[in-house]
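Chemist: Structure supplied as target.txt; contents: compact mmCIF, C-alpha atoms.
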# COMPACT_ATOMS: atom_id res chain seq x y z
CA MET A 1198 -23.30 59.45 11.23
CA LYS A 1199 -23.46 56.33 13.37
CA LYS A 1200 -22.64 53.07 11.61
CA GLU A 1201 -25.09 50.27 11.98
CA LYS A 1202 -23.64 47.23 13.69
CA LYS A 1203 -23.28 44.35 11.27
CA GLU A 1204 -25.31 41.37 12.39
CA GLU A 1205 -23.10 38.35 13.12
CA LYS A 1206 -24.20 35.14 11.41
CA THR A 1207 -24.33 31.87 13.31
CA PRO A 1208 -22.26 28.90 12.05
CA VAL A 1209 -25.46 27.26 10.76
CA GLU A 1210 -26.40 30.42 8.82
CA ARG A 1211 -22.91 30.68 7.34
CA GLN A 1212 -23.01 27.02 6.29
CA THR A 1213 -26.46 27.44 4.73
CA GLN A 1214 -25.38 30.58 2.88
CA GLY A 1215 -22.32 28.81 1.50
CA GLN A 1216 -24.40 25.83 0.42
CA MET A 1217 -26.89 28.08 -1.40
CA LEU A 1218 -24.04 29.86 -3.20
CA ARG A 1219 -22.54 26.52 -4.25
CA GLU A 1220 -25.89 25.36 -5.60
CA LYS A 1221 -26.23 28.62 -7.55
CA LEU A 1222 -22.76 28.30 -9.05
CA THR A 1223 -23.05 24.61 -9.95
CA GLY A 1224 -26.60 24.89 -11.22
CA GLY A 1225 -28.03 22.14 -9.07
CA ALA A 1226 -28.80 20.92 -5.58
CA SER A 1227 -26.70 18.67 -3.39
CA VAL A 1228 -27.15 16.42 -0.38
CA THR A 1229 -24.65 16.70 2.48
CA LEU A 1230 -24.00 14.19 5.26
CA GLU A 1231 -21.77 15.34 8.12
CA GLY A 1232 -20.52 13.75 11.32
CA LEU A 1233 -18.18 14.59 14.20
CA HIS A 1234 -15.96 12.39 16.35
CA SER A 1235 -14.20 13.58 19.49
CA SER A 1236 -11.24 12.16 21.40
CA PRO A 1237 -9.53 13.54 24.53
CA ILE A 1238 -7.57 16.14 22.52
CA TYR A 1239 -8.96 16.06 18.98
CA ILE A 1240 -12.22 16.72 17.19
CA GLY A 1241 -12.57 15.18 13.76
CA GLY A 1242 -15.25 15.89 11.21
CA ALA A 1243 -16.22 14.11 8.01
CA SER A 1244 -18.60 15.22 5.31
CA LEU A 1245 -19.93 13.57 2.18
CA VAL A 1246 -21.53 15.76 -0.49
CA ALA A 1247 -23.49 14.25 -3.38
CA TYR A 1248 -24.19 16.67 -6.25
CA LEU A 1249 -27.48 15.77 -7.85
CA HIS A 1250 -26.93 17.52 -11.19
CA ASP A 1251 -23.82 15.59 -12.27
CA GLY A 1252 -23.51 12.71 -9.80
CA LYS A 1253 -20.21 13.89 -8.30
CA ILE A 1254 -19.46 12.70 -4.75
CA GLU A 1255 -17.04 14.74 -2.66
CA ALA A 1256 -15.58 13.55 0.64
CA GLU A 1257 -13.79 15.80 3.13
CA THR A 1258 -12.26 15.38 6.59
CA LYS A 1259 -11.37 18.12 9.06
CA LEU A 1260 -9.29 18.14 12.22
CA THR A 1261 -8.96 20.49 15.12
CA GLY A 1262 -8.00 20.13 18.75
CA ILE A 1263 -5.52 20.78 21.53
CA LEU A 1264 -1.84 20.03 20.96
CA SER A 1265 -0.11 17.12 22.65
CA LEU A 1266 2.94 18.74 24.25
CA GLY A 1267 6.38 17.74 25.43
CA ALA A 1268 8.60 19.46 27.99
CA LEU A 1269 12.06 20.91 27.29
CA MET A 1270 14.93 21.88 29.54
CA PRO A 1271 16.10 25.53 29.29
CA GLY A 1272 17.97 25.95 25.99
CA GLU A 1273 17.00 22.49 24.79
CA PHE A 1274 15.86 21.92 21.20
CA ARG A 1275 14.06 18.95 19.63
CA LYS A 1276 14.24 18.41 15.88
CA TYR A 1277 11.13 16.20 16.06
CA GLY A 1278 8.78 19.03 16.95
CA THR A 1279 8.03 22.76 16.93
CA LEU A 1280 8.78 25.07 19.86
CA ILE A 1281 5.53 26.80 20.79
CA SER A 1282 6.52 28.36 24.11
CA PRO A 1283 9.63 28.41 26.33
CA GLY A 1284 9.98 24.88 27.68
CA LEU A 1285 7.22 23.40 25.48
CA TYR A 1286 7.22 21.78 22.07
CA ALA A 1287 4.60 20.02 19.92
CA PRO A 1288 5.80 16.80 18.23
CA PHE A 1289 5.44 16.41 14.47
CA HIS A 1290 2.83 13.81 13.64
CA GLN A 1291 0.53 12.32 11.01
CA HIS A 1292 -3.17 11.45 10.79
CA PHE A 1293 -4.63 8.81 8.48
CA PHE A 1294 -8.14 7.92 7.34
CA VAL A 1295 -9.52 5.05 5.28
CA ALA A 1296 -12.58 5.32 3.04
CA ARG A 1297 -14.19 1.99 2.19
CA ILE A 1298 -16.19 2.47 -1.03
CA ASP A 1299 -18.40 -0.39 -2.16
CA MET A 1300 -18.87 0.27 -5.87
CA ALA A 1301 -21.73 -0.87 -8.09
CA VAL A 1302 -21.45 1.17 -11.28
CA ASP A 1303 -24.50 0.67 -13.53
CA CYS A 1304 -25.20 -2.70 -11.91
CA LYS A 1305 -28.66 -4.07 -11.23
CA PRO A 1306 -29.26 -6.11 -8.04
CA GLY A 1307 -27.32 -9.34 -8.29
CA GLU A 1308 -25.01 -8.09 -11.05
CA ALA A 1309 -21.23 -7.67 -10.63
CA PHE A 1310 -19.78 -6.42 -13.90
CA ASN A 1311 -17.21 -3.92 -12.64
CA GLN A 1312 -13.45 -3.64 -13.16
CA VAL A 1313 -10.74 -1.17 -12.07
CA VAL A 1314 -8.48 0.80 -14.39
CA GLU A 1315 -5.52 2.97 -13.40
CA VAL A 1316 -4.90 6.04 -15.54
CA ASP A 1317 -1.45 7.61 -15.90
CA VAL A 1318 -0.74 10.83 -17.78
CA LYS A 1319 2.56 10.65 -19.67
CA ALA A 1320 4.62 13.16 -21.64
CA GLU A 1321 5.09 12.28 -25.31
CA GLU A 1322 8.65 11.60 -26.43
CA PRO A 1323 10.24 14.39 -28.51
CA GLY A 1324 9.85 13.80 -32.23
CA GLU A 1325 7.62 14.48 -35.20
CA ASN A 1326 4.52 13.71 -33.09
CA ASN A 1327 5.65 16.23 -30.48
CA PHE A 1328 7.32 19.04 -32.42
CA HIS A 1329 6.75 21.63 -29.67
CA ASN A 1330 7.63 19.23 -26.81
CA ASN A 1331 4.36 19.93 -25.01
CA ALA A 1332 2.21 16.90 -25.88
CA PHE A 1333 1.00 14.39 -23.31
CA TYR A 1334 -1.51 11.54 -23.25
CA ALA A 1335 -3.43 9.29 -20.87
CA GLU A 1336 -2.53 5.60 -20.61
CA GLU A 1337 -4.82 3.02 -19.00
CA ARG A 1338 -3.79 -0.11 -17.15
CA LEU A 1339 -6.29 -2.77 -16.09
CA LEU A 1340 -5.80 -3.93 -12.49
CA LYS A 1341 -6.67 -7.62 -12.78
CA SER A 1342 -5.99 -8.90 -9.26
CA GLU A 1343 -5.63 -7.74 -5.66
CA LEU A 1344 -1.83 -7.78 -5.62
CA GLU A 1345 -1.74 -5.69 -8.81
CA ALA A 1346 -4.11 -3.18 -7.23
CA MET A 1347 -1.94 -2.10 -4.29
CA ARG A 1348 -1.29 1.40 -5.61
CA ASP A 1349 0.01 4.80 -4.47
CA CYS A 1350 -0.75 8.37 -5.47
CA SER A 1351 1.68 9.97 -7.92
CA PRO A 1352 1.51 13.68 -8.73
CA LEU A 1353 4.16 13.12 -11.42
CA SER A 1354 1.68 11.13 -13.51
CA ALA A 1355 -1.63 12.49 -12.17
CA HIS A 1356 -2.67 9.02 -11.00
CA LEU A 1357 -6.39 8.32 -10.81
CA TRP A 1358 -8.53 5.20 -10.86
CA ILE A 1359 -11.74 4.33 -12.70
CA VAL A 1360 -14.29 1.69 -11.73
CA ARG A 1361 -16.26 0.95 -14.85
CA ASN A 1362 -19.00 -1.38 -16.01
CA THR A 1363 -17.73 -3.87 -18.60
CA ARG A 1364 -21.12 -4.29 -20.27
CA THR A 1365 -22.69 -0.83 -20.29
CA VAL A 1366 -21.76 1.78 -22.89
CA ASN A 1367 -23.00 5.24 -23.74
CA ARG A 1368 -24.11 6.35 -27.19
CA THR A 1369 -20.50 6.84 -28.33
CA GLY A 1370 -19.58 3.28 -27.35
CA GLN A 1371 -17.52 4.18 -24.27
CA LEU A 1372 -17.78 2.14 -21.07
CA THR A 1373 -19.50 4.00 -18.21
CA GLY A 1374 -17.66 4.41 -14.93
CA TYR A 1375 -16.83 6.40 -11.82
CA LYS A 1376 -13.46 8.08 -11.39
CA LEU A 1377 -11.69 8.31 -8.01
CA VAL A 1378 -9.58 11.49 -7.93
CA PRO A 1379 -7.16 11.87 -4.98
CA GLY A 1380 -6.58 15.12 -3.15
CA SER A 1381 -3.49 15.95 -1.07
CA ASN A 1382 -2.06 12.79 0.46
CA CYS A 1383 0.94 11.13 2.10
CA LEU A 1384 2.29 7.80 3.36
CA PRO A 1385 3.68 6.96 6.83
CA LEU A 1386 7.10 8.51 7.42
CA VAL A 1387 8.43 5.47 9.26
CA GLY A 1388 10.76 2.53 8.71
CA VAL A 1389 9.42 -0.79 7.46
CA GLU A 1390 9.92 -2.33 10.92
CA ALA A 1391 7.81 0.27 12.75
CA LYS A 1392 5.74 -1.63 15.33
CA PHE A 1393 2.43 0.09 14.63
CA LEU A 1394 2.56 -1.15 11.02
CA ARG A 1395 2.04 -4.69 12.29
CA ARG A 1396 -1.56 -3.75 13.07
CA ALA A 1397 -1.93 -0.92 10.57
CA SER A 1398 -0.23 -2.44 7.53
CA PHE A 1399 -3.04 -1.03 5.38
CA LEU A 1400 -1.21 2.33 5.62
CA LYS A 1401 1.54 1.04 3.31
CA HIS A 1402 -0.46 1.98 0.20
CA ASN A 1403 -2.92 4.72 -0.76
CA LEU A 1404 -5.23 2.36 -2.64
CA TRP A 1405 -6.28 -1.24 -2.11
CA VAL A 1406 -8.95 -3.06 -4.11
CA THR A 1407 -10.80 -6.20 -3.05
CA PRO A 1408 -13.85 -8.11 -4.23
CA TYR A 1409 -16.77 -7.66 -1.83
CA ALA A 1410 -16.84 -10.01 1.17
CA HIS A 1411 -19.36 -9.57 4.00
CA ASP A 1412 -16.74 -10.19 6.72
CA GLU A 1413 -14.20 -7.70 5.33
CA MET A 1414 -15.42 -4.43 6.78
CA PHE A 1415 -12.49 -2.91 8.68
CA PRO A 1416 -9.03 -2.32 7.14
CA GLY A 1417 -7.22 -3.31 10.35
CA GLY A 1418 -9.41 -6.33 11.07
CA GLU A 1419 -11.72 -6.80 14.04
CA PHE A 1420 -10.70 -5.03 17.27
CA PRO A 1421 -7.13 -4.12 16.18
CA ASP A 1422 -6.20 -2.45 19.49
CA GLN A 1423 -6.82 -5.60 21.54
CA ASN A 1424 -5.74 -8.09 18.88
CA PRO A 1425 -2.36 -9.74 19.61
CA ARG A 1426 -2.09 -11.10 16.09
CA VAL A 1427 -0.37 -9.18 13.31
CA ASP A 1428 -0.92 -8.61 9.59
CA GLU A 1429 -4.69 -8.82 9.79
CA GLY A 1430 -7.11 -6.90 7.64
CA LEU A 1431 -6.31 -5.69 4.14
CA ALA A 1432 -2.70 -6.89 4.06
CA THR A 1433 -3.88 -10.45 4.76
CA TRP A 1434 -6.96 -10.47 2.54
CA VAL A 1435 -5.13 -9.39 -0.60
CA LYS A 1436 -2.66 -12.28 -0.31
CA GLN A 1437 -5.45 -14.43 -1.75
CA ASN A 1438 -4.86 -12.44 -4.96
CA ARG A 1439 -8.50 -12.74 -5.96
CA SER A 1440 -9.63 -11.67 -9.41
CA LEU A 1441 -10.94 -8.13 -9.86
CA GLU A 1442 -12.44 -8.69 -13.30
CA GLU A 1443 -16.24 -8.48 -13.55
CA THR A 1444 -16.83 -8.59 -9.82
CA ASP A 1445 -18.32 -6.52 -7.00
CA ILE A 1446 -15.50 -4.02 -6.44
CA VAL A 1447 -14.58 -2.47 -3.07
CA LEU A 1448 -12.10 0.43 -3.05
CA TRP A 1449 -10.11 1.19 0.10
CA TYR A 1450 -8.69 4.68 -0.23
CA VAL A 1451 -6.12 5.65 2.43
CA PHE A 1452 -5.46 9.36 2.84
CA GLY A 1453 -3.55 11.31 5.43
CA ILE A 1454 -1.98 14.54 6.60
CA THR A 1455 1.54 15.27 7.79
CA ARG A 1456 1.89 18.06 10.33
CA PRO A 1457 5.55 19.15 10.38
CA SER A 1458 4.78 22.56 11.87
CA VAL A 1459 2.01 23.90 14.07
CA GLY A 1460 3.12 27.49 14.46
CA ARG A 1461 2.86 28.99 17.91
CA LEU A 1462 -0.74 28.27 18.78
CA ALA A 1463 -1.95 26.01 21.59
CA CYS A 1464 -4.79 24.77 19.39
CA ASN A 1465 -4.54 23.16 15.97
CA ALA A 1466 -6.43 24.97 13.24
CA SER A 1467 -8.85 22.94 11.14
CA ARG A 1468 -7.53 21.48 7.94
CA ALA A 1469 -9.43 19.65 5.25
CA HIS A 1470 -8.36 16.62 3.23
CA TRP A 1471 -10.48 15.38 0.44
CA PHE A 1472 -11.03 13.14 -2.52
CA TYR A 1473 -13.92 12.94 -4.93
CA ALA A 1474 -15.54 10.57 -7.37
CA TYR A 1475 -17.55 11.49 -10.41
CA GLY A 1476 -19.18 9.72 -13.26
CA ILE A 1477 -17.53 9.48 -16.67
CA ASN A 1478 -19.28 8.69 -19.95
CA LEU A 1479 -22.60 8.62 -18.10
CA LEU A 1480 -24.37 11.64 -19.55
CA ILE A 1481 -23.48 11.25 -23.22
Translate this structure into structure tokens?
Modeler:
Amino acid sequence: MKKEKKEEKTPVERQTQGQMLREKLTGGASVTLEGLHSSPIYIGGASLVAYLHDGKIEAETKLTGILSLGALMPGEFRKYGTLISPGLYAPFHQHFFVARIDMAVDCKPGEAFNQVVEVDVKAEEPGENNFHNNAFYAEERLLKSELEAMRDCSPLSAHLWIVRNTRTVNRTGQLTGYKLVPGSNCLPLVGVEAKFLRRASFLKHNLWVTPYAHDEMFPGGEFPDQNPRVDEGLATWVKQNRSLEETDIVLWYVFGITRPSVGRLACNASRAHWFYAYGINLLI
């Protein structure tokens, strides 16, 4: 008996099918915004998904492209890359992205009643309150100023950050807010004197927080490639150490990928990096 040939789905059909399945599983619809950017050897994609049933916002970036290669002499080895073919190696490298998130949690036009809290999860000390040595708790820390709010991800304490409204509570009396939850992340694997950090000093931390300013739009400042000056952008703005209490909060989340190995392919496979934000104490 002859088997029927399975009809191949187009990328658009596969994407639509996956979206419909996600809506069925989550019990609600979502809105997706996607964009692509191409360079001579790389194609980058970014998507933003807003889930209408619970208000969660999920951001994702993807990378694919052709490897940048270096030549090797016969028998030569480079510890700074991966051999992909005799005489050719691909250098290890990193990619970084910055998400600028202008928050306005439960604020009407003209209002600015937001603050930022960092949440750490800590293990309880052994004792009568932790007889089985398995108790842990969440501890909040208010980030009051810009210099306090230069923060890094920490898987050891499950770091996350909450932007909350200081004047809006739910029916249980808890302040409403939005939680920024990091995905996989890294920092630059370079020395403090690395030259590119003079123009990209915003890469020194995973999170920066500033009060809104109309001329602070780009983390590296205006035209960083052509700019002969150094330490512009976020690293300069936060030196003002402006207050972050009851103000219009802007989060700058820096996330990246380290590629220490590319296998033996001449083309990089896509890889996604993500973070998401979702409302807390909003639906009670």
Chemist: Give as a PDB file with C-alpha atoms, in the coordinates of the input every residue, naming chains and numbers as the document does, that has an atom within 7 Å of (-15.2, -5.1, -15.3), counting only C-alpha atoms.
Modeler:
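Writing done, so here's selection.pdb:
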ATOM      1  CA  PHE A1310     -19.780  -6.420 -13.900  1.00  0.00           C
ATOM      2  CA  ASN A1311     -17.210  -3.920 -12.640  1.00  0.00           C
ATOM      3  CA  GLN A1312     -13.450  -3.640 -13.160  1.00  0.00           C
ATOM      4  CA  VAL A1313     -10.740  -1.170 -12.070  1.00  0.00           C
ATOM      5  CA  ARG A1361     -16.260   0.950 -14.850  1.00  0.00           C
ATOM      6  CA  ASN A1362     -19.000  -1.380 -16.010  1.00  0.00           C
ATOM      7  CA  THR A1363     -17.730  -3.870 -18.600  1.00  0.00           C
ATOM      8  CA  GLU A1442     -12.440  -8.690 -13.300  1.00  0.00           C
ATOM      9  CA  GLU A1443     -16.240  -8.480 -13.550  1.00  0.00           C
ATOM     10  CA  THR A1444     -16.830  -8.590  -9.820  1.00  0.00           C
TER      11      THR A1444
END
Chemist: Using only C-alpha atoms, which residues sit within 12 Å of segment 1326-1334 of chain A once same-chain residues fewer than 3 positions away are excluded, as number ranges by chain?
Modeler: A: 1316-1323, 1337, 1354-1355
Chemist: Which residues, written as a tab-separated table (two decimals) with C-alpha atoms, in the coordinates of the input, have at least one atom at most 12 Å from segment 1407-1413 of chain A, with all atoms listed in the file counted and residues fewer than 2 positions away on the same chain left out?
Modeler:
chain	number	residue	atom	x	y	z
A	1297	ARG	CA	-14.19	1.99	2.19
A	1298	ILE	CA	-16.19	2.47	-1.03
A	1299	ASP	CA	-18.40	-0.39	-2.16
A	1300	MET	CA	-18.87	0.27	-5.87
A	1301	ALA	CA	-21.73	-0.87	-8.09
A	1309	ALA	CA	-21.23	-7.67	-10.63
A	1310	PHE	CA	-19.78	-6.42	-13.90
A	1311	ASN	CA	-17.21	-3.92	-12.64
A	1312	GLN	CA	-13.45	-3.64	-13.16
A	1313	VAL	CA	-10.74	-1.17	-12.07
A	1340	LEU	CA	-5.80	-3.93	-12.49
A	1341	LYS	CA	-6.67	-7.62	-12.78
A	1342	SER	CA	-5.99	-8.90	-9.26
A	1343	GLU	CA	-5.63	-7.74	-5.66
A	1344	LEU	CA	-1.83	-7.78	-5.62
A	1345	GLU	CA	-1.74	-5.69	-8.81
A	1346	ALA	CA	-4.11	-3.18	-7.23
A	1347	MET	CA	-1.94	-2.10	-4.29
A	1404	LEU	CA	-5.23	2.36	-2.64
A	1405	TRP	CA	-6.28	-1.24	-2.11
A	1415	PHE	CA	-12.49	-2.91	8.68
A	1416	PRO	CA	-9.03	-2.32	7.14
A	1417	GLY	CA	-7.22	-3.31	10.35
A	1418	GLY	CA	-9.41	-6.33	11.07
A	1419	GLU	CA	-11.72	-6.80	14.04
A	1429	GLU	CA	-4.69	-8.82	9.79
A	1430	GLY	CA	-7.11	-6.90	7.64
A	1431	LEU	CA	-6.31	-5.69	4.14
A	1432	ALA	CA	-2.70	-6.89	4.06
A	1433	THR	CA	-3.88	-10.45	4.76
A	1434	TRP	CA	-6.96	-10.47	2.54
A	1435	VAL	CA	-5.13	-9.39	-0.60
A	1436	LYS	CA	-2.66	-12.28	-0.31
A	1437	GLN	CA	-5.45	-14.43	-1.75
A	1438	ASN	CA	-4.86	-12.44	-4.96
A	1439	ARG	CA	-8.50	-12.74	-5.96
A	1440	SER	CA	-9.63	-11.67	-9.41
A	1441	LEU	CA	-10.94	-8.13	-9.86
A	1442	GLU	CA	-12.44	-8.69	-13.30
A	1443	GLU	CA	-16.24	-8.48	-13.55
A	1444	THR	CA	-16.83	-8.59	-9.82
A	1445	ASP	CA	-18.32	-6.52	-7.00
A	1446	ILE	CA	-15.50	-4.02	-6.44
A	1447	VAL	CA	-14.58	-2.47	-3.07
A	1448	LEU	CA	-12.10	0.43	-3.05
A	1449	TRP	CA	-10.11	1.19	0.10
A	1450	TYR	CA	-8.69	4.68	-0.23
Chemist: In Å, with one decimal, what is the gap from atom CA of Leu1339 of chain A to atom CA of Asp1251 of chain A?
Modeler: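 Atom CA of Asp1251 of chain A lies 25.7 Å from atom CA of Leu1339 of chain A.
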Chemist: Rank nothing, just name the residue among A:Tyr1473, A:Thr1229, A:Thr1258, A:Asp1303 nearest to Asn1367 of chain A, using only C-alpha atoms.
Modeler: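 Closest to Asn1367 of chain A of all the choices is A:Asp1303.
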Chemist: So, counting only C-alpha atoms, which residue among A:Gly1262, A:Gly1324, A:Gly1252, A:Pro1421 is closest to Tyr1375 of chain A?
Modeler: A:Gly1252
Chemist: State, in Å with one decimal place, the distance from atom CA of Arg1368 of chain A to atom CA of Val1246 of chain A.
Modeler: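 Straight-line distance from atom CA of Arg1368 of chain A to atom CA of Val1246 of chain A works out to 28.4 Å.
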Chemist: Grab the atom CA of Val1378 of chain A to atom CA of Ile1240 of chain A distance for me, in Å with one decimal place.
Modeler: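 It comes out at 25.8 Å.
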Chemist: Show me the residues close to (2.7, 10.3, -2.5) - anything with an atom within 9 Å, counting only C-alpha atoms - and format the list as a list in words.
Modeler: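 Here is the list of nearby residues: Asp1349, Cys1350, Ser1351, Pro1352, Ser1381, Asn1382, Cys1383, Leu1384 and Asn1403 of chain A.
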Chemist: Between A:Leu1233, A:Val1406, A:Leu1377, A:Ala1296, which has the minimum distance to Ile1254 of chain A (counting all atoms listed in the file)?
Modeler: A:Leu1377
Chemist: Determine, counting only C-alpha atoms, which protein, DNA and RNA residues have an atom within 6 Å of an atom of Ser1227 of chain A; residues of the same chain fewer than 4 positions away are not included. Present the result as a VMD selection string.
Modeler: chain A and resid 1247 to 1249
Chemist: Considering all atoms listed in the file, state which residue in the set A:Lys1401, A:Arg1348, A:Lys1376, A:Arg1364 is at the smallest distance from Glu1308 of chain A.
Modeler: A:Arg1364
Chemist: Under the rule that all atoms listed in the file are counted, which of A:Thr1455, A:Val1314, A:Ala1226, A:Leu1280 is the nearest residue to Lys1253 of chain A?
Modeler: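 Smallest separation from Lys1253 of chain A among the options: A:Ala1226.
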